[in-house]
Structures are given as structure tokens and as C-alpha cells.
$ cat work.cif   # mmCIF, C-alpha atoms and all ligand atoms
data_data
#
loop_
_atom_site.label_atom_id
_atom_site.label_comp_id
_atom_site.auth_asym_id
_atom_site.auth_seq_id
_atom_site.Cartn_x
_atom_site.Cartn_y
_atom_site.Cartn_z
CA THR A 1 -1.57 4.54 -23.67
CA VAL A 2 0.16 6.48 -20.92
CA ASN A 3 -0.61 10.11 -20.05
CA ILE A 4 1.30 12.47 -17.80
CA ASN A 5 -1.25 14.99 -16.59
CA ASP A 6 -0.93 18.59 -15.40
CA ASN A 7 -2.49 17.71 -12.04
CA GLY A 8 0.51 15.57 -11.07
CA THR A 9 -0.90 12.21 -12.04
CA VAL A 10 0.20 9.55 -14.51
CA ASP A 11 -2.37 7.21 -15.99
CA ALA A 12 -2.25 4.19 -18.20
CA LYS A 13 -4.96 2.30 -20.03
CA LEU A 14 -4.67 -1.13 -21.61
CA PRO A 15 -6.18 -1.96 -25.02
CA SER A 16 -8.40 -4.39 -23.10
CA GLY A 17 -9.86 -1.47 -21.08
CA GLU A 18 -8.26 -1.70 -17.61
CA SER A 19 -6.72 1.49 -16.25
CA VAL A 20 -4.57 2.77 -13.41
CA THR A 21 -3.83 6.29 -12.12
CA VAL A 22 -0.82 7.13 -9.96
CA HIS A 23 -0.35 10.46 -8.17
CA LEU A 24 3.27 11.62 -8.09
CA PHE A 25 2.62 12.77 -4.53
CA GLY A 26 3.58 9.62 -2.67
CA ALA A 27 3.57 7.58 -5.91
CA THR A 28 0.10 6.78 -4.60
CA VAL A 29 -2.02 4.61 -6.88
CA ILE A 30 -5.35 6.45 -6.67
CA SER A 31 -7.43 4.49 -9.15
CA TRP A 32 -7.50 0.98 -10.59
CA LYS A 33 -10.38 0.14 -12.84
CA LEU A 34 -11.33 -3.11 -14.51
CA ALA A 35 -12.29 -3.28 -18.18
CA ASN A 36 -15.96 -2.71 -17.26
CA GLY A 37 -15.02 0.54 -15.51
CA ALA A 38 -15.44 -0.84 -11.97
CA GLU A 39 -13.17 0.99 -9.50
CA GLN A 40 -11.26 -1.40 -7.20
CA LEU A 41 -9.67 1.06 -4.78
CA PHE A 42 -11.24 3.26 -2.13
CA VAL A 43 -10.28 6.93 -2.10
CA SER A 44 -12.13 9.12 0.39
CA SER A 45 -14.36 11.82 -1.04
CA LYS A 46 -12.53 14.04 1.46
CA ALA A 47 -9.02 12.98 0.41
CA ILE A 48 -6.61 15.88 -0.02
CA LEU A 49 -4.81 15.75 -3.34
CA ASP A 50 -2.85 19.01 -3.25
CA GLY A 51 0.25 17.56 -1.59
CA SER A 52 -0.40 19.07 1.82
CA LYS A 53 -1.29 15.71 3.39
CA ALA A 54 -0.84 12.02 2.51
CA ILE A 55 -3.64 10.83 0.24
CA ARG A 56 -6.48 9.12 2.13
CA GLY A 57 -6.98 6.10 -0.03
CA GLY A 58 -5.60 4.16 -2.95
CA ILE A 59 -2.22 2.60 -2.20
CA PRO A 60 0.03 4.86 -0.12
CA VAL A 61 3.62 3.62 0.17
CA VAL A 62 4.86 3.41 3.75
CA PHE A 63 8.64 3.87 4.21
CA PRO A 64 10.91 3.93 6.24
CA VAL A 65 8.72 3.48 9.33
CA PHE A 66 5.26 1.98 9.85
CA GLY A 67 3.02 3.56 12.46
CA PRO A 68 4.29 5.97 15.06
CA PRO A 69 8.10 5.71 15.07
CA PRO A 70 9.60 4.10 18.16
CA PRO A 71 11.43 6.38 20.60
CA ASP A 72 15.24 6.42 20.50
CA HIS A 73 15.41 5.09 16.98
CA ALA A 74 16.81 6.49 13.73
CA THR A 75 13.22 7.08 12.56
CA SER A 76 12.04 8.77 15.77
CA LYS A 77 11.79 12.24 14.24
CA LEU A 78 9.70 11.12 11.28
CA PRO A 79 5.92 11.35 11.09
CA GLN A 80 3.69 8.27 11.33
CA HIS A 81 4.21 5.99 8.29
CA GLY A 82 7.35 7.88 7.23
CA PHE A 83 7.91 10.28 4.36
CA ALA A 84 7.48 8.28 1.14
CA ARG A 85 3.72 8.82 1.06
CA SER A 86 4.12 12.56 1.40
CA SER A 87 7.03 13.25 -0.93
CA ASN A 88 6.98 14.20 -4.59
CA TRP A 89 8.22 11.28 -6.67
CA GLU A 90 9.42 11.40 -10.25
CA PHE A 91 8.03 9.39 -13.12
CA LEU A 92 10.87 7.30 -14.55
CA GLY A 93 8.99 5.99 -17.56
CA LYS A 94 6.86 3.18 -18.85
CA SER A 95 7.48 -0.13 -20.47
CA SER A 96 4.84 -2.29 -22.05
CA SER A 97 4.77 -5.83 -23.22
CA GLU A 98 2.50 -7.06 -25.95
CA SER A 99 2.23 -10.71 -26.64
CA LEU A 100 2.33 -11.15 -30.39
CA GLY A 101 -0.97 -10.62 -32.07
CA ASP A 102 -2.98 -10.61 -28.87
CA LYS A 103 -3.71 -7.10 -27.69
CA ALA A 104 -5.76 -8.49 -24.81
CA ASP A 105 -2.53 -9.69 -23.17
CA THR A 106 -0.79 -6.34 -23.18
CA THR A 107 0.58 -5.15 -19.85
CA VAL A 108 2.08 -1.82 -18.87
CA LYS A 109 4.65 -1.02 -16.17
CA LEU A 110 5.06 2.48 -14.76
CA ASP A 111 8.21 3.23 -12.77
CA PHE A 112 8.56 5.94 -10.13
CA GLY A 113 11.60 7.08 -8.21
CA LEU A 114 12.41 8.85 -4.97
CA SER A 115 15.88 9.55 -3.59
CA SER A 116 17.50 11.40 -0.69
CA SER A 117 18.05 14.54 -2.73
CA MET A 118 14.33 14.76 -3.61
CA ILE A 119 12.82 14.80 -0.11
CA THR A 120 12.32 17.99 1.88
CA GLU A 121 15.15 19.33 3.97
CA GLU A 122 13.05 18.67 7.03
CA PHE A 123 12.73 14.96 6.17
CA ARG A 124 16.40 14.77 5.22
CA LYS A 125 17.40 16.18 8.59
CA ALA A 126 15.12 13.74 10.37
CA TRP A 127 16.45 10.75 8.40
CA PRO A 128 19.84 11.59 6.91
CA TYR A 129 20.51 8.44 4.87
CA GLU A 130 21.44 8.08 1.21
CA PHE A 131 18.69 6.02 -0.34
CA GLY A 132 16.93 5.35 -3.60
CA LEU A 133 13.43 3.96 -4.04
CA VAL A 134 12.06 2.57 -7.27
CA TYR A 135 8.35 1.77 -7.25
CA SER A 136 6.96 -0.20 -10.17
CA VAL A 137 3.25 -0.39 -10.88
CA THR A 138 2.33 -3.06 -13.42
CA LEU A 139 -1.17 -3.31 -14.82
CA SER A 140 -2.32 -6.40 -16.63
CA PRO A 141 -5.82 -7.60 -17.53
CA GLU A 142 -5.70 -10.03 -14.59
CA SER A 143 -3.85 -8.10 -11.91
CA LEU A 144 -2.23 -5.04 -10.48
CA GLU A 145 1.30 -5.56 -9.23
CA THR A 146 3.22 -3.03 -7.18
CA SER A 147 6.82 -3.52 -6.24
CA LEU A 148 9.14 -1.40 -4.11
CA GLN A 149 12.89 -1.60 -4.41
CA VAL A 150 14.90 0.04 -1.63
CA GLN A 151 18.55 0.88 -2.33
CA ASN A 152 21.11 1.99 0.20
CA LYS A 153 23.30 4.37 -1.76
CA GLY A 154 25.48 5.29 1.18
CA THR A 155 28.12 3.48 3.17
CA GLU A 156 26.28 3.40 6.50
CA SER A 157 23.56 0.75 7.04
CA PHE A 158 19.98 1.87 7.76
CA ASP A 159 16.86 0.34 9.36
CA PHE A 160 13.56 0.41 7.50
CA HIS A 161 10.00 -0.82 7.32
CA VAL A 162 8.06 -1.13 4.08
CA LEU A 163 4.29 -1.44 3.77
CA LEU A 164 1.87 -1.12 0.87
CA HIS A 165 -1.24 0.46 2.38
CA ASN A 166 -4.00 -0.89 0.11
CA TYR A 167 -7.41 0.69 0.59
CA PHE A 168 -9.82 -1.73 -1.11
CA LYS A 169 -13.28 -0.67 -2.16
CA VAL A 170 -15.84 -3.23 -0.94
CA PRO A 171 -19.63 -3.25 -1.34
CA ASP A 172 -20.29 -3.77 2.40
CA VAL A 173 -17.48 -4.25 4.91
CA THR A 174 -19.76 -6.16 7.30
CA LYS A 175 -20.23 -8.86 4.66
CA ILE A 176 -16.58 -9.58 3.88
CA GLY A 177 -13.96 -11.85 5.38
CA VAL A 178 -10.19 -11.80 5.22
CA THR A 179 -8.90 -15.32 4.70
CA ASN A 180 -5.67 -17.28 5.08
CA LEU A 181 -4.59 -15.67 8.34
CA GLN A 182 -5.92 -18.46 10.55
CA ASN A 183 -3.55 -19.55 13.35
CA LYS A 184 -1.34 -16.51 12.80
CA THR A 185 -0.14 -14.40 15.70
CA TYR A 186 -1.24 -10.78 15.50
CA ILE A 187 -0.73 -7.58 17.41
CA ASP A 188 -4.10 -6.11 18.28
CA LYS A 189 -3.61 -2.34 18.13
CA VAL A 190 -7.15 -1.73 19.43
CA ASP A 191 -6.48 -3.86 22.51
CA ASN A 192 -3.25 -2.50 24.04
CA LYS A 193 -1.07 -4.14 21.39
CA GLN A 194 -1.77 -7.54 22.88
CA GLU A 195 -0.44 -10.52 20.97
CA LYS A 196 -3.23 -12.86 20.00
CA GLN A 197 -3.77 -15.95 17.91
CA GLU A 198 -6.21 -15.79 14.99
CA THR A 199 -8.87 -18.48 15.24
CA SER A 200 -11.08 -17.49 12.31
CA ASP A 201 -10.64 -18.75 8.76
CA ALA A 202 -12.39 -15.62 7.48
CA ILE A 203 -11.89 -12.58 9.69
CA ALA A 204 -15.07 -10.52 9.92
CA ILE A 205 -14.93 -6.74 10.33
CA THR A 206 -17.61 -5.79 12.83
CA GLY A 207 -16.03 -2.83 14.59
CA GLU A 208 -12.80 -0.88 14.75
CA THR A 209 -10.08 -3.22 13.51
CA ASP A 210 -6.34 -2.59 13.55
CA ARG A 211 -4.22 -5.71 13.55
CA VAL A 212 -0.76 -6.60 12.39
CA TYR A 213 -0.48 -10.27 11.46
CA LEU A 214 3.05 -11.60 11.85
CA ASP A 215 5.07 -14.23 10.03
CA VAL A 216 2.56 -14.69 7.25
CA ASP A 217 4.19 -16.89 4.61
CA PRO A 218 4.43 -14.66 1.53
CA ALA A 219 3.81 -17.71 -0.65
CA THR A 220 0.22 -18.01 0.64
CA PRO A 221 -2.08 -15.36 -0.85
CA VAL A 222 -4.41 -13.52 1.52
CA SER A 223 -7.91 -12.86 0.18
CA VAL A 224 -10.81 -10.52 0.82
CA VAL A 225 -13.87 -12.68 0.27
CA GLU A 226 -17.58 -11.98 0.00
CA ASN A 227 -20.04 -14.88 0.23
CA GLY A 228 -17.08 -17.22 -0.03
CA LYS A 229 -15.88 -15.72 -3.31
CA PRO A 230 -12.68 -13.70 -3.48
CA LEU A 231 -13.05 -9.98 -4.23
CA PHE A 232 -9.26 -9.56 -4.06
CA THR A 233 -6.43 -12.03 -3.75
CA ILE A 234 -3.10 -10.61 -2.63
CA ALA A 235 0.06 -12.57 -3.39
CA ARG A 236 3.32 -11.28 -1.94
CA GLU A 237 7.08 -11.57 -2.18
CA GLY A 238 9.33 -10.32 0.58
CA LEU A 239 6.36 -9.01 2.59
CA ASN A 240 5.60 -11.24 5.57
CA THR A 241 3.28 -9.09 7.68
CA VAL A 242 -0.32 -8.21 6.85
CA THR A 243 -2.09 -5.31 8.54
CA VAL A 244 -5.90 -5.27 8.52
CA TRP A 245 -7.46 -1.90 9.29
CA ASN A 246 -10.90 -0.34 9.37
CA PRO A 247 -11.39 2.79 11.48
CA TRP A 248 -15.15 2.28 12.03
CA LEU A 249 -17.48 5.17 12.85
CA GLU A 250 -15.89 6.87 15.85
CA ASN A 251 -12.42 7.09 14.34
CA ALA A 252 -13.82 8.00 10.93
CA LYS A 253 -15.38 11.04 12.59
CA LYS A 254 -12.01 12.06 14.01
CA MET A 255 -10.30 12.05 10.60
CA SER A 256 -10.74 15.29 8.69
CA ASP A 257 -10.03 13.60 5.36
CA PHE A 258 -12.40 10.64 5.75
CA GLY A 259 -16.21 10.73 5.46
CA ASP A 260 -18.12 9.61 8.58
CA GLU A 261 -19.90 6.74 6.82
CA GLU A 262 -17.16 5.80 4.38
CA TYR A 263 -15.77 3.04 6.62
CA LYS A 264 -18.62 0.82 5.38
CA GLY A 265 -17.24 0.70 1.87
CA MET A 266 -13.56 0.03 2.47
CA VAL A 267 -11.03 -2.22 4.11
CA CYS A 268 -7.28 -1.86 4.28
CA VAL A 269 -5.26 -5.05 3.82
CA GLU A 270 -1.64 -4.02 3.87
CA PRO A 271 1.25 -6.34 3.02
CA GLY A 272 4.40 -5.19 4.74
CA ALA A 273 7.72 -6.01 6.28
CA VAL A 274 7.08 -4.38 9.65
CA LYS A 275 7.55 -7.03 12.34
CA SER A 276 10.97 -5.61 13.01
CA PHE A 277 13.19 -3.23 11.11
CA SER A 278 15.04 -4.68 8.17
CA VAL A 279 18.68 -3.63 7.94
CA LEU A 280 20.13 -2.58 4.62
CA GLU A 281 23.90 -2.37 4.34
CA GLY A 282 25.57 0.30 2.25
CA GLY A 283 25.37 -0.58 -1.44
CA ASP A 284 22.69 -3.22 -0.93
CA ALA A 285 19.14 -3.38 -2.25
CA TRP A 286 15.91 -4.97 -1.02
CA GLU A 287 12.64 -5.61 -2.80
CA GLY A 288 9.03 -6.32 -1.79
CA THR A 289 6.19 -7.04 -4.21
CA GLN A 290 2.45 -7.56 -4.12
CA THR A 291 0.23 -8.89 -6.88
CA ILE A 292 -3.47 -8.18 -6.46
CA ARG A 293 -5.99 -10.20 -8.45
CA PRO A 294 -9.54 -8.85 -8.56
CA ARG A 295 -12.77 -10.76 -9.00
CA LEU A 296 -13.11 -11.01 -12.76
C1 LIG A 301 -2.87 1.59 9.51
C2 LIG A 301 -2.45 1.53 10.94
O1 LIG A 301 -1.92 0.94 8.71
O2 LIG A 301 -2.96 2.95 9.08
C3 LIG A 301 -3.44 2.31 11.78
O3 LIG A 301 -2.35 0.20 11.37
C4 LIG A 301 -3.59 3.73 11.26
O4 LIG A 301 -3.02 2.31 13.14
C5 LIG A 301 -3.93 3.69 9.78
O5 LIG A 301 -4.60 4.40 11.98
C6 LIG A 301 -4.06 5.07 9.13
O6 LIG A 301 -2.95 5.85 9.38
P1 LIG A 301 -2.86 7.34 8.90
O7 LIG A 301 -1.56 7.88 9.39
O8 LIG A 301 -2.93 7.30 7.38
O9 LIG A 301 -4.05 8.05 9.48
#
$ encode --input "work.cif" --output "C-alpha cells" --more "lines below"
Ligand code: BG6
Amino acid sequence: TVNINDNGTVDAKLPSGESVTVHLFGATVISWKLANGAEQLFVSSKAILDGSKAIRGGIPVVFPVFGPPPPDHATSKLPQHGFARSSNWEFLGKSSSESLGDKADTTVKLDFGLSSSMITEEFRKAWPYEFGLVYSVTLSPESLETSLQVQNKGTESFDFHVLLHNYFKVPDVTKIGVTNLQNKTYIDKVDNKQEKQETSDAIAITGETDRVYLDVDPATPVSVVENGKPLFTIAREGLNTVTVWNPWLENAKKMSDFGDEEYKGMVCVEPGAVKSFSVLEGGDAWEGTQTIRPRL
């Protein structure tokens, strides 16, 4: 079943019990529950859901720029992480698939859209390109898949980043590891953006962490593991960077929409295409997809 709610959210529940909730503000997935009711995503208790600020948690969509925009670039006038996460998207509809006779295999896909004419005048002035975004959120008993298609509807090419800013809920961040990034080069944003080489096969989070791993083969899933067992496995298509972020205590305190102690129960692992700007020619389209498998 799919419900469109008065509070600006769309939710879907499978016959097998899994559910997902997407806020039209940012097309932000704000809840993903397994059949037993276990929430998989972190949303801050202080998150603002009235559309006055990007939602602190869930899966914000980052487009067309990741991080603070570079100076002297087409995105320079945009806020950090662009406008997609703080624009009102439209719900385009749902499609479901049921394998014959087996309700437990039913999946549901929710589609959301954002285009140039829907963003605020302020954003349009800051980034005056003709674009269309279609974001598809597919829930199945085994996974949550989210896929962003970027269309250039104009004649002029534009530069863009895409990133899917997953906030995962974890029992204890000090006990997890992020695997399959060994030997990758990363930019350490907490150490003057130095380029470093990852040595660990399971990256531990023991303090403020803000790293962008580069050239990560999308064919190799990245996992969040606990005691050697995966809590989440993230497969990707078209997304060859992975950002790992935890603000830790000091930065948590500086964020008005994040509880001081909440950093202990979350980690962001964010597939993206942010190493450099991708260029999309007029009339062309680009797509990036992640498939997240939980511990079942
Ligand atoms: C991460 C960035 O993706 O998002 C961090 O790597 C940033 O540098 C974090 O602090 C949160 O950003 P924001 O704009 O949602 O506070």
C-alpha cells in the first residue's frame, strides 16, 4: 500500500512488512523499516521537517554540488550540497511488481521529480540551467534501492555532482567498520584535505571523520560491519566516490539540528560522483544508483 500524507510525506508498505517513508522536501527518505519494525536510517531527534532547512538524517539527495561550492564555478552561488535536498519535489507515482502467487516477493517503486521550473527563483538565478531529476526509491524485502536520473533539458551543457547522503542507524559507532575501501586514495577533510591512502580493511570511527574515497569501483560493494558481520552492504552503479562522515561530539554540539550525543548512533556512508564535476550535454541524461542490503 502507498499513502500520500498531509504532512508532505509518501509512505509504502510491503505485504511482507517492510516500509519506507519519503518526505517531498528534498525527496528525502526519512524512514526505512524491516519487517520486524527495525528502523535502518538515522534521523536526528532535532531534525527540522517543516521545509525551512534540509532534513538532518535519512537519505538527503545532493545535487548539483557536493560540499561548499568551488569559487568561480557555475555552482558558486549555491549553498553547500546544492538545492535538491531543500526543494519541494513532486510525487510522480508508484509501480509495484508482484511475483505470481508469492506476496513475499512484492516490491514497490516510488518516483519523485524535480525540474528547473519547480525550484525557488533564488536557486534558479544561482543555477540557471534547464534540468529534470527523477529519483526512484524501490523497496523490496531484501533491499532499498535509490536511483537518481539527471536530465539536461536545455541546449547548454552543465557541470554537476551527485551524492546520496545515507545516514545509517548503528548500535554503537565505535564498534563498526567500513570495509572494502582498503588501498583507496581519500581526501581527508579533517586534515587540510590531504590525500591519503587507506591502509585499513575495516575503517574504525574513533573521532571526527570526514573522508572522500576516490575511484572506488562501483562493482565492489562497500559494507558497514559490526563484529565482522555486515549491517549494511551498499552496491552502486555510476557512483565511484564514497564519503564517510561522523561529526563526533564537538561538531555535533555546533549543529542546531543534531543532538549532542547522537553521533554515537549513526554513520554516513555516501555513494557519490564527486571527484570532479560530470558534464552533461544538452539533451543528455545520466544515472546513478545505490542498492542497500540490510542485515536480515
Ligand atoms: C558530508 C560532508 O557529506 O556532509 C561534511 O563530507 C559535512 O563535510 C556533512 O559536514 C554535513 O553537511 P551539512 O551541510 O548537511 O551540515
$ residues_near_ligand --input "work.cif" --ligand "ligand LIG 301 (chain A)" --cutoff "9 Å" --atoms "all atoms listed in the file" --output "PyMOL selection string"
chain A and resi 54-57+60+62+66-68+79-81+163-165+189-190+209-212+243-247+251+255+268-270
$ write_last_selection --input "work.cif" --atoms "C-alpha atoms" --output "PDB file, in the coordinates of the input"
ATOM      1  CA  ALA A  54      -0.840  12.020   2.510  1.00  0.00           C
ATOM      2  CA  ILE A  55      -3.640  10.830   0.240  1.00  0.00           C
ATOM      3  CA  ARG A  56      -6.480   9.120   2.130  1.00  0.00           C
ATOM      4  CA  GLY A  57      -6.980   6.100  -0.030  1.00  0.00           C
ATOM      5  CA  PRO A  60       0.030   4.860  -0.120  1.00  0.00           C
ATOM      6  CA  VAL A  62       4.860   3.410   3.750  1.00  0.00           C
ATOM      7  CA  PHE A  66       5.260   1.980   9.850  1.00  0.00           C
ATOM      8  CA  GLY A  67       3.020   3.560  12.460  1.00  0.00           C
ATOM      9  CA  PRO A  68       4.290   5.970  15.060  1.00  0.00           C
ATOM     10  CA  PRO A  79       5.920  11.350  11.090  1.00  0.00           C
ATOM     11  CA  GLN A  80       3.690   8.270  11.330  1.00  0.00           C
ATOM     12  CA  HIS A  81       4.210   5.990   8.290  1.00  0.00           C
ATOM     13  CA  LEU A 163       4.290  -1.440   3.770  1.00  0.00           C
ATOM     14  CA  LEU A 164       1.870  -1.120   0.870  1.00  0.00           C
ATOM     15  CA  HIS A 165      -1.240   0.460   2.380  1.00  0.00           C
ATOM     16  CA  LYS A 189      -3.610  -2.340  18.130  1.00  0.00           C
ATOM     17  CA  VAL A 190      -7.150  -1.730  19.430  1.00  0.00           C
ATOM     18  CA  THR A 209     -10.080  -3.220  13.510  1.00  0.00           C
ATOM     19  CA  ASP A 210      -6.340  -2.590  13.550  1.00  0.00           C
ATOM     20  CA  ARG A 211      -4.220  -5.710  13.550  1.00  0.00           C
ATOM     21  CA  VAL A 212      -0.760  -6.600  12.390  1.00  0.00           C
ATOM     22  CA  THR A 243      -2.090  -5.310   8.540  1.00  0.00           C
ATOM     23  CA  VAL A 244      -5.900  -5.270   8.520  1.00  0.00           C
ATOM     24  CA  TRP A 245      -7.460  -1.900   9.290  1.00  0.00           C
ATOM     25  CA  ASN A 246     -10.900  -0.340   9.370  1.00  0.00           C
ATOM     26  CA  PRO A 247     -11.390   2.790  11.480  1.00  0.00           C
ATOM     27  CA  ASN A 251     -12.420   7.090  14.340  1.00  0.00           C
ATOM     28  CA  MET A 255     -10.300  12.050  10.600  1.00  0.00           C
ATOM     29  CA  CYS A 268      -7.280  -1.860   4.280  1.00  0.00           C
ATOM     30  CA  VAL A 269      -5.260  -5.050   3.820  1.00  0.00           C
ATOM     31  CA  GLU A 270      -1.640  -4.020   3.870  1.00  0.00           C
TER      32      GLU A 270
END
$ residues_around --input "work.cif" --residues "stretch 219-235 of chain A" --least-positions-apart "5" --cutoff "7 Å" --atoms "all atoms listed in the file" --output "PyMOL selection string"
chain A and resi 175-180+290-295
$ write_last_selection --input "work.cif" --atoms "C-alpha atoms" --output "mmCIF file, keeping the file's coordinate frame"
data_model
loop_
_atom_site.group_PDB
_atom_site.id
_atom_site.type_symbol
_atom_site.label_atom_id
_atom_site.label_comp_id
_atom_site.auth_asym_id
_atom_site.auth_seq_id
_atom_site.Cartn_x
_atom_site.Cartn_y
_atom_site.Cartn_z
ATOM 1 C CA LYS A 175 -20.230 -8.860 4.660
ATOM 2 C CA ILE A 176 -16.580 -9.580 3.880
ATOM 3 C CA GLY A 177 -13.960 -11.850 5.380
ATOM 4 C CA VAL A 178 -10.190 -11.800 5.220
ATOM 5 C CA THR A 179 -8.900 -15.320 4.700
ATOM 6 C CA ASN A 180 -5.670 -17.280 5.080
ATOM 7 C CA GLN A 290 2.450 -7.560 -4.120
ATOM 8 C CA THR A 291 0.230 -8.890 -6.880
ATOM 9 C CA ILE A 292 -3.470 -8.180 -6.460
ATOM 10 C CA ARG A 293 -5.990 -10.200 -8.450
ATOM 11 C CA PRO A 294 -9.540 -8.850 -8.560
ATOM 12 C CA ARG A 295 -12.770 -10.760 -9.000
#
$ atom_distance --input "work.cif" --atom1 "atom CA of A:Glu130" --atom2 "atom CA of A:Asp159"
12.1 Å
$ closest_residue --input "work.cif" --among "A:Ala273, A:Ala74, A:Val137, A:Met266" --to "A:His161" --atoms "all atoms listed in the file"
A:Ala273
$ residues_around --input "work.cif" --residues "stretch 148-153 of chain A" --least-positions-apart "3" --cutoff "10 Å" --atoms "all atoms listed in the file" --output "ChimeraX atom specification"
/A:61,63-64,111-116,129-137,156-158,160,162-164,279-290
$ residues_around --input "work.cif" --residues "A:Glu122" --least-positions-apart "3" --cutoff "12 Å" --atoms "all atoms listed in the file" --output "compact mmCIF listing (two decimals) with C-alpha atoms, keeping the file's coordinate frame"
# COMPACT_ATOMS: atom_id res chain seq x y z
CA LYS A 77 11.79 12.24 14.24
CA LEU A 78 9.70 11.12 11.28
CA PRO A 79 5.92 11.35 11.09
CA PHE A 83 7.91 10.28 4.36
CA SER A 87 7.03 13.25 -0.93
CA SER A 116 17.50 11.40 -0.69
CA SER A 117 18.05 14.54 -2.73
CA MET A 118 14.33 14.76 -3.61
CA ILE A 119 12.82 14.80 -0.11
CA LYS A 125 17.40 16.18 8.59
CA ALA A 126 15.12 13.74 10.37
CA TRP A 127 16.45 10.75 8.40
CA PRO A 128 19.84 11.59 6.91
$ closest_residue --input "work.cif" --among "A:Gln40, A:Glu145, A:Ile205, A:Val242" --to "A:Lys184" --atoms "only C-alpha atoms"
A:Val242
$ residues_around --input "work.cif" --residues "A:Lys275" --least-positions-apart "3" --cutoff "8 Å" --atoms "all atoms listed in the file" --output "list in words"
Leu214, Asp215 and Thr241 of chain A
$ closest_residue --input "work.cif" --among "A:His23, A:Leu239, A:Glu261, A:Pro141" --to "A:Asn36" --atoms "all atoms listed in the file"
A:Pro141
$ residues_around --input "work.cif" --residues "A:Leu249" --least-positions-apart "4" --cutoff "10 Å" --atoms "only C-alpha atoms" --output "MDAnalysis selection string"
chainID A and resid 207:208 253:254 259:264
$ closest_residue --input "work.cif" --among "A:Gly265, A:Pro218, A:Pro15, A:Gly8" --to "A:Glu98" --atoms "only C-alpha atoms"
A:Pro15
$ atom_distance --input "work.cif" --atom1 "atom CA of A:Gly51" --atom2 "atom CA of A:Arg85"
9.8 Å
$ axis_aligned_box --input "work.cif" --around "stretch 254-262 of chain A" --padding-each-side "6 Å" --output "AutoDock Vina command-line options"
--center_x -15.0 --center_y 10.5 --center_z 9.2 --size_x 21.9 --size_y 21.5 --size_z 21.6
$ closest_residue --input "work.cif" --among "A:Ala252, A:Ile187, A:Leu92, A:Val65" --to "A:Leu24" --atoms "only C-alpha atoms"
A:Leu92
$ atom_distance --input "work.cif" --atom1 "atom CA of A:Ser95" --atom2 "atom CA of A:Asn7"
22.1 Å
$ closest_residue --input "work.cif" --among "A:Gly154, A:Gly26, A:Gly58, A:Gly17" --to "A:Thr107" --atoms "only C-alpha atoms"
A:Gly17
$ residues_near_point --input "work.cif" --point "(2.1, -2.8, -19.9)" --cutoff "9 Å" --atoms "only C-alpha atoms" --output "list in words"
Ala12, Lys13, Leu14, Lys94, Ser95, Ser96, Ser97, Glu98, Asp105, Thr106, Thr107, Val108, Lys109, Leu110, Thr138, Leu139 and Ser140 of chain A
$ build_atoms --input "work.cif" --residues "stretch 70-88 of chain A" --atoms "N, CA and C atoms" --output "PDB file, in the coordinates of the input"
ATOM      1  N   PRO A  70       9.218   4.397  16.780  1.00  0.00           N
ATOM      2  CA  PRO A  70       9.600   4.100  18.160  1.00  0.00           C
ATOM      3  C   PRO A  70      10.529   5.199  18.705  1.00  0.00           C
ATOM      4  N   PRO A  71      10.511   5.399  20.027  1.00  0.00           N
ATOM      5  CA  PRO A  71      11.430   6.380  20.600  1.00  0.00           C
ATOM      6  C   PRO A  71      12.875   5.875  20.484  1.00  0.00           C
ATOM      7  N   ASP A  72      13.808   6.784  20.524  1.00  0.00           N
ATOM      8  CA  ASP A  72      15.240   6.420  20.500  1.00  0.00           C
ATOM      9  C   ASP A  72      15.602   5.515  19.319  1.00  0.00           C
ATOM     10  N   HIS A  73      15.081   5.852  18.182  1.00  0.00           N
ATOM     11  CA  HIS A  73      15.410   5.090  16.980  1.00  0.00           C
ATOM     12  C   HIS A  73      15.715   6.090  15.869  1.00  0.00           C
ATOM     13  N   ALA A  74      16.432   5.610  14.842  1.00  0.00           N
ATOM     14  CA  ALA A  74      16.810   6.490  13.730  1.00  0.00           C
ATOM     15  C   ALA A  74      15.603   7.131  13.038  1.00  0.00           C
ATOM     16  N   THR A  75      14.415   6.520  13.208  1.00  0.00           N
ATOM     17  CA  THR A  75      13.220   7.080  12.560  1.00  0.00           C
ATOM     18  C   THR A  75      12.386   7.964  13.497  1.00  0.00           C
ATOM     19  N   SER A  76      12.850   8.124  14.735  1.00  0.00           N
ATOM     20  CA  SER A  76      12.040   8.770  15.770  1.00  0.00           C
ATOM     21  C   SER A  76      11.488  10.147  15.403  1.00  0.00           C
ATOM     22  N   LYS A  77      12.218  10.869  14.566  1.00  0.00           N
ATOM     23  CA  LYS A  77      11.790  12.240  14.240  1.00  0.00           C
ATOM     24  C   LYS A  77      10.850  12.294  13.043  1.00  0.00           C
ATOM     25  N   LEU A  78      10.580  11.129  12.464  1.00  0.00           N
ATOM     26  CA  LEU A  78       9.700  11.120  11.280  1.00  0.00           C
ATOM     27  C   LEU A  78       8.233  11.058  11.700  1.00  0.00           C
ATOM     28  N   PRO A  79       7.347  11.496  10.792  1.00  0.00           N
ATOM     29  CA  PRO A  79       5.920  11.350  11.090  1.00  0.00           C
ATOM     30  C   PRO A  79       5.470   9.895  10.953  1.00  0.00           C
ATOM     31  N   GLN A  80       4.299   9.599  11.493  1.00  0.00           N
ATOM     32  CA  GLN A  80       3.690   8.270  11.330  1.00  0.00           C
ATOM     33  C   GLN A  80       3.753   7.837   9.869  1.00  0.00           C
ATOM     34  N   HIS A  81       4.125   6.594   9.638  1.00  0.00           N
ATOM     35  CA  HIS A  81       4.210   5.990   8.290  1.00  0.00           C
ATOM     36  C   HIS A  81       5.294   6.599   7.391  1.00  0.00           C
ATOM     37  N   GLY A  82       6.183   7.412   7.980  1.00  0.00           N
ATOM     38  CA  GLY A  82       7.350   7.880   7.230  1.00  0.00           C
ATOM     39  C   GLY A  82       7.069   8.989   6.231  1.00  0.00           C
ATOM     40  N   PHE A  83       8.003   9.150   5.296  1.00  0.00           N
ATOM     41  CA  PHE A  83       7.910  10.280   4.360  1.00  0.00           C
ATOM     42  C   PHE A  83       7.582   9.914   2.917  1.00  0.00           C
ATOM     43  N   ALA A  84       7.660   8.628   2.562  1.00  0.00           N
ATOM     44  CA  ALA A  84       7.480   8.280   1.140  1.00  0.00           C
ATOM     45  C   ALA A  84       6.102   8.684   0.637  1.00  0.00           C
ATOM     46  N   ARG A  85       5.090   8.534   1.494  1.00  0.00           N
ATOM     47  CA  ARG A  85       3.720   8.820   1.060  1.00  0.00           C
ATOM     48  C   ARG A  85       3.446  10.314   0.953  1.00  0.00           C
ATOM     49  N   SER A  86       4.334  11.125   1.514  1.00  0.00           N
ATOM     50  CA  SER A  86       4.120  12.560   1.400  1.00  0.00           C
ATOM     51  C   SER A  86       5.337  13.270   0.817  1.00  0.00           C
ATOM     52  N   SER A  87       5.942  12.622  -0.170  1.00  0.00           N
ATOM     53  CA  SER A  87       7.030  13.250  -0.930  1.00  0.00           C
ATOM     54  C   SER A  87       6.652  13.232  -2.402  1.00  0.00           C
ATOM     55  N   ASN A  88       7.229  14.156  -3.148  1.00  0.00           N
ATOM     56  CA  ASN A  88       6.980  14.200  -4.590  1.00  0.00           C
ATOM     57  C   ASN A  88       7.961  13.281  -5.305  1.00  0.00           C
TER      58      ASN A  88
END
